[in-house]
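Taking it in order: structure first as structure tokens, then the write-up.
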Amino acid sequence: MRNLSRREKVVIGGRERPSLANREDQLERLSLAAFWVSVASCAFATATAWVPLLSGALHLPRPRLATAPAGVWPSSPPRGAGTTAAARRWSALPSWITLGALLVSLGARGFAAGRPPLADLWEFTVAFAAAVSAFQHFFERRTPGTNANVALQPLVLLLLVAAALLPSRIEPLSPALRSSDILVAHVAVMVAAYGALTVSFGAALLQLLQDSACRCSRLPAARRFDEIGYRAVVVGFPLLALGIALGAYWASTAWGRYWSWDPKETSSLVTWLAYGVYFHVHSLRRWSGRRSAVVLVAAYGCVLFSYFAINLWVTGLHSYAGG
Amino acid sequence: MATMRSAFRSPVSMRTRFFVDELMRVLASVRLAAALAAGLGLLALAGILLPQLPGAARSDPVASAQWLDGQRGALGPAADWMYRLGLYDVFHSAWMAASFGLLALSVVACTGRRFAPTWRNVVHPVKAVPESFLLSSRPGVFRGPAADPVALERAMRRRHFHVERWSANGVEWLFADRYPWAQLATFVSHAAIVLLLAGALVTHFGAFTTRLFVAEGASAPVFPIGHAPAMNVTVASAAGSLDAHGRSLDARSEISVTTNGRTAKTCTITASQPCTWDGYRIRQAFFYSAGVDLQVRDTSDGRILFRQAVALTASREAPHVVVSDAGGRVLLDQVVAFTGSVDGVDGALLAIPGDTAPVWVGLAHPADGPALIVFQPGDGSQQRSLTVPLHASAPAGDLRFEFAGLETTPAAELPGLPAPGPEGGIPPVAQLAGGRLSDGSAAPPVLLLSGVGNRAVALHEGERAVVGNLEYQFVGQKPFVGLEVRKDRGEPLIWIGSAMLVLGLAATLWIPRRRIWARTDGDGLQMAGMAPKFADLGPEFEALAAESATAGPP
């Protein structure tokens, strides 16, 4: 009668089961190994992103923002502006390895558990880090030469360190979390939204840095980071709305009502409102630039609160998702 | 006439109009929208961080007063101020309702003011721009070599632009518009917010919810007796499993919905799979395994006095006692149900097989942990008294008493259960022992009935025991199912609003709408355009110029 997980079925027995258990254990071990590979490569990527900036060992050419003749539409800076090809390759390779290792880790975890790997805080945090890493590469392609990985790689590393501190054992799912495609879609969309919004946070930090007295000459001007931050919110904001809507739909099925003012869903609403505030103030002349970057940082504070504080310290209907 | 009337408006109507215009301007302002969103966010944050009045206490003044007393203990007089300000019930406070109302007004005002100009911009865009617009040297104007206007038009159409081309004074002009309707999507997402608030209002005032607690094989009415149509939910079977902490691992029930005596629908429900009939959604809120089917019969005339499935929703402690003789033979292995209290110690008289005198067994809670008190009244050497700590044993004469475990058993007081003897004594209590004992071993369920005589009655499934002229039978264990039946007319509005919000936002922010004006003559090609914030028109202009220049000058 009970919807047993694959791990439990193994315990029940049968001639072929021991090999299945062995395979699942191997997959779980592979997942953890890939996770540690991602931690190591992310630490290396962070170092390769930061060392040239801090040491000044590499004499990088300043970004050339206007390469076209005067009067002609100033096109995007050429790819690689602001950095050498070697430095870019050294920085990009480990971050690609990080993304690949995280995807392997999640994939192996999913096969080991027999369900999509988005059920507990460890899986969600690893998926979150993978989403940040994926969006980092996406926005690097869309707005090349910005070196946003200077802020984003440490953020991915912090997420991975947080995941390393969480229990990673695969546990059976609570009944409400089983066999619901809507729930999987809800969590996946929220992960994607948080990933995009993390990019906007990283960009806002760099924007504030470049707008301050201690601006880094090796990074583009603050406006470039304003652009990345805005573009990332443009991606993340509708995803966040979709994630909340999918969560409400699932809640109406599993909890009987679409909205219960549960701390998690309320904090998601607060986050959505905070990014709504950002969109509105960004359109105001006096608030664009530095002030809207501050709003973006505060809004990301809501993401972190919603993600970590609610899961770890506040009891609510989402408590089973906690670590 | 109309002109004269408007020309001689009274100062009062002019003031009113001025006031309405100002109000609309303020309501439609971006600053107010941002402030409202920030205010709502802060209120909601307060609702998360501050303790909130439990839902059950909201409509119960006594319960809410008790809850507030608890808060006074933590915050002192500040708790009363916070209560008056609605900070202990943020989500149902006047502040929250007013903020949402103001937000709806703001959205309506904003839409009202912006819709007409945006609609005009979409339907009747400015196609012809002055030459100075394209010939100026301001940034944003692209200049390239002379282009073939036909090739340029084709290139634009390939990029999904709607293109119009005309010539005047030897100059070819082009106006290209791509996805102009996407500008209207912002109204869809803003209207969605109003729709969501309307849906929430309908839910608040119009949703029907009832909870049913139904035993397996039983049915319960959804509406009060006399309601038309009558609707009943019958639980044909219920099954589930609990973990070691009593938390539900899984639950599944076969239910049927009957209306006016006819079966309307039969379905299987789980925690995440409700049954829907005629707009009513029936979901399994919880599964409860500790129910017993109990029957009491009068042995003198055979009449059945009591037959009921009883949910044991409370809990009681019960010691697991093992009594063995000097040879180690187990004489009694039982979870003991208490029948009374002596000097504040709950206990019961036990009859030990092979031993003529009954033994009184009680449970004490000294500082060093629970202890079993064993006392056998008698004279001289026959009197036994000893204290046995948990998981220990001690000899008493020829017997050895072991305190094997302390079970927390599901229990319920049954004031309506027939009992022999005068009324007004201790109300009968049913306890269900067994299942899984504290040592991890599984045991068959045992129903312990106290308050039906001097001694507790222990019954296995199907067993009967006669006390006085009453026969008690433990017919079997019955699971209970908690069902929630709900009909919410606000939900369709919520789903339509959610879809509109997401689609509106996606269309506003993701659809690459562009508007381009171009002129080309023998001297060259000039292009300028409009696009959403940070959209880079440069590469698009360069590509268009490259594709149209290949055909040579016109």
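Following the order of the structure tokens, first chain is A, next is B, and so on, with residues numbered from 1 inside each chain and ligands from 1 in the order they appear.
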Neighbour list for Val446 of chain B as a VMD selection string, cut-off 6 Å, only C-alpha atoms, skip fewer than 5 positions in-chain | chain B and resid 432 to 434 459 to 460
Residue neighbourhood Ala147 of chain B, 10 Å, only C-alpha atoms, exclusion window fewer than 2 positions, as an MDAnalysis selection string | chainID B and resid 144:145 149:152 172 519:526 544:554
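Those residues that approach Arg297 of chain B to within 8 Å, counting only C-alpha atoms, are Gly302, Arg303, Ile304, Leu305, Phe306, Leu470, Glu471 and Tyr472 of chain B; same-chain residues fewer than 5 positions away are not listed.
Using only C-alpha atoms, the shortest contact distance between chain B and any of A:Gly289, A:Gly114, A:Gly247, A:Pro238 is found at A:Pro238.
Using only C-alpha atoms, the nearest neighbour of chain A within the list B:Thr408, B:Thr210, B:Ser64, B:Thr118 is B:Thr210.
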Surrounding residues of segment 38-49 of chain B excluding itself and chain neighbours under 2 positions, 6 Å, only C-alpha atoms, as a ChimeraX atom specification | /A:263,270 /B:35-36,90
Polymer residues at most 10 Å from segment 124-137 of chain A, only C-alpha atoms, same-chain spacing of 6 or more positions, as an NGL selection string | :A and (35 or 38 or 42 or 92 or 95-96 or 98-103 or 105-106 or 117-118 or 143-144 or 147-149 or 152-153 or 155-164 or 166 or 187-188 or 190-200 or 202 or 232 or 235 or 307-308 or 321-323)
Pull the strand (DSSP E or B) assignments for segment 70-298 of chain B out of DSSP run on the backbone, and list those residues as a ChimeraX atom specification.
-> /B:142-144,162-168,171-178,208-215,219-221,231-242,248-259,262-270,273,275-277,280-288,291-298
